[in-house]
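Colleague: Just dropping this structure here.
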Amino acid sequence: MSLADLKPIPRDQLTLRAPRFYEDVTEERRHRQESLVIAFRLFGRFGFEEGIAGHITARDPEHPDHFWVNPYGMSFQHIRVSDLVLVNSTGEVVHGRYDINEAAFAIHSQIHAARPEVVAAAHSHSLHGKALSALGEKLEPITQDVCAFYEDHGLYEEYNGLVDETEEGRRIARALGGHKAVILRNHGLLTVGRSVEAAAWWFVTMERSCQAQLLAKAAGKVVHIDHETAAATCRDIGGDDFAWVNFQPLRDKILRDETDLFD
């Protein structure tokens, strides 16, 4: 074909990746499980795990008071779909062959209970999230990417040791409020989303935003984005559909590089 023959292609004829809506609950469950495993593999690749600390959960589409979670003591980089555990509203394992981290239930059960629209929640002890949490500070509007969290993340200003009781989980849920994320002082980060992909992406970009803030403030005086611009940018890039799209290149890379996810 000659370049002289080239004409603009109508946008409605171009492929645009967008979240799929499932009518079959079995297909939706499988999609959430697969997305969960991909998220774990990514977290492992990015170095977000610290021993047994860290968990990502996905609400079951058929039983919304149940959620899928990673097995206790298994590396993020080894988790497969068959390893996932389903937990009920009282913390009992109803599907799977592994026990779970008590903190995963104590925190995530209260997040899912308080936010029925949330499908997934992600928490881990990532390096820069931990470092910023030790300062007891929120993220500041200093880059375009961090504006996704502008006036849309909380700060839990307590640290009461290991989270092994649901009351502590309720306090964390209150600090999260209606936001997409919360910084847990002296602890780490927690993000949520209306899809597994969104919750995972928010964690990835929040961790990187923590790193950027720590680097920038260590280097000198930062220049803040003004309120109106930061708020407008948040409206542009702060939605869960935008997060879902950002997750897709990471998903593609894991699917290409690792072949033992879906057994």
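Here, A, B, ... name the chains of the structure tokens in the order displayed, residue numbers run from 1 inside each chain, and ligands are numbered from 1 in the same displayed order.
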Do you know which residues are at most 12 Å from Tyr98 of chain A counting only C-alpha atoms, after dropping those on the same chain fewer than 4 positions away, and could you put them as a list in words?

Modeller: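 Selected residues are Trp68, Val69, Asn70, Pro71, Tyr72, Gly73, Met74, Ile79, Ser82, Asp83, Leu84, Val85, Leu86, Val87, Glu92, Val93 and Val94 of chain A.
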
Colleague: From a backbone DSSP assignment, name each residue in segment 29-262 of chain A labelled strand (DSSP E), as a ChimeraX atom specification.

Modeller: /A:55-59,67-69,85-87,93-95,120-124,153-156,181-184,188-193

Colleague: Pick the closest to Leu162 of chain A from A:Gln213, A:Lys130, A:Pro61, A:Ala104: which is it, counting only C-alpha atoms?

Modeller: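 Answer, going by the shortest atom-to-atom distance: A:Ala104.
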
Colleague: Pull the closest atom pair for each residue of segment 134-250 of chain A that gets at most 12 Å from segment 30-49 of chain A, along with the distance in Å to one decimal, counting only C-alpha atoms, ordering rows by chain and then ascending residue number, as JSON lines.

Modeller:
{"residue": "A:Gly188", "atom": "CA", "partner": "A:Phe48", "partner_atom": "CA", "distance": 10.5}
{"residue": "A:Leu189", "atom": "CA", "partner": "A:Phe48", "partner_atom": "CA", "distance": 10.6}
{"residue": "A:Arg194", "atom": "CA", "partner": "A:Arg32", "partner_atom": "CA", "distance": 11.1}
{"residue": "A:Ser195", "atom": "CA", "partner": "A:Arg32", "partner_atom": "CA", "distance": 7.9}
{"residue": "A:Val196", "atom": "CA", "partner": "A:Ser35", "partner_atom": "CA", "distance": 6.2}
{"residue": "A:Glu197", "atom": "CA", "partner": "A:Ser35", "partner_atom": "CA", "distance": 6.6}
{"residue": "A:Ala198", "atom": "CA", "partner": "A:Ala39", "partner_atom": "CA", "distance": 10.2}
{"residue": "A:Ala199", "atom": "CA", "partner": "A:Ala39", "partner_atom": "CA", "distance": 9.2}
{"residue": "A:Ala200", "atom": "CA", "partner": "A:Ala39", "partner_atom": "CA", "distance": 6.1}
{"residue": "A:Trp201", "atom": "CA", "partner": "A:Ala39", "partner_atom": "CA", "distance": 8.7}
{"residue": "A:Trp202", "atom": "CA", "partner": "A:Ala39", "partner_atom": "CA", "distance": 11.4}
{"residue": "A:Phe203", "atom": "CA", "partner": "A:Phe43", "partner_atom": "CA", "distance": 9.2}
{"residue": "A:Val204", "atom": "CA", "partner": "A:Phe43", "partner_atom": "CA", "distance": 8.1}
{"residue": "A:Thr205", "atom": "CA", "partner": "A:Phe46", "partner_atom": "CA", "distance": 11.5}
{"residue": "A:Glu207", "atom": "CA", "partner": "A:Phe48", "partner_atom": "CA", "distance": 9.1}
{"residue": "A:Arg208", "atom": "CA", "partner": "A:Phe46", "partner_atom": "CA", "distance": 10.6}
{"residue": "A:Trp244", "atom": "CA", "partner": "A:Ser35", "partner_atom": "CA", "distance": 10.9}
{"residue": "A:Phe247", "atom": "CA", "partner": "A:Ala39", "partner_atom": "CA", "distance": 9.2}
{"residue": "A:Gln248", "atom": "CA", "partner": "A:Ser35", "partner_atom": "CA", "distance": 10.3}
{"residue": "A:Pro249", "atom": "CA", "partner": "A:Leu42", "partner_atom": "CA", "distance": 11.3}
{"residue": "A:Leu250", "atom": "CA", "partner": "A:Leu42", "partner_atom": "CA", "distance": 7.5}

Colleague: Pick the closest to Thr90 of chain A from A:Gln110, A:Thr57, A:Gln77, A:Thr229: which is it, counting only C-alpha atoms?

Modeller: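 Counting only C-alpha atoms, the residue closest to Thr90 of chain A is A:Gln110.
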
Colleague: Name the residues of segment 23-236 of chain A that fall into helix (DSSP H, G or I) according to DSSP on the backbone, using the chain letters and numbers of this document, as number ranges by chain.

Modeller: A: 25-45, 76-78, 81-83, 102-114, 127-133, 145-149, 166-176, 196-219, 227-236

Colleague: Using only C-alpha atoms, find the one residue out of A:Arg115, A:His224, A:Lys138, A:Arg11 that sits nearest to Gly193 of chain A.

Modeller: A:Arg115

Colleague: Find the residue from A:Val245, A:Leu14, A:Val119, A:Ala53 that sits nearest to Arg29 of chain A; use only C-alpha atoms when measuring.

Modeller: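 Of the candidates, the smallest distance to Arg29 of chain A is held by A:Val119.
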
Colleague: My list of candidates is A:His187, A:Arg59, A:Arg235, A:Lys221. Which is closest to Ala134 of chain A when distances are computed with only C-alpha atoms?

Modeller: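 The closest residue to Ala134 of chain A is A:His187.
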
Colleague: Between A:Lys217, A:His112, A:Arg80, A:Arg185, single out the one closest to Gly169 of chain A, counting only C-alpha atoms.

Modeller: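 Of A:Lys217, A:His112, A:Arg80, A:Arg185, the one nearest Gly169 of chain A is A:His112, counting only C-alpha atoms.
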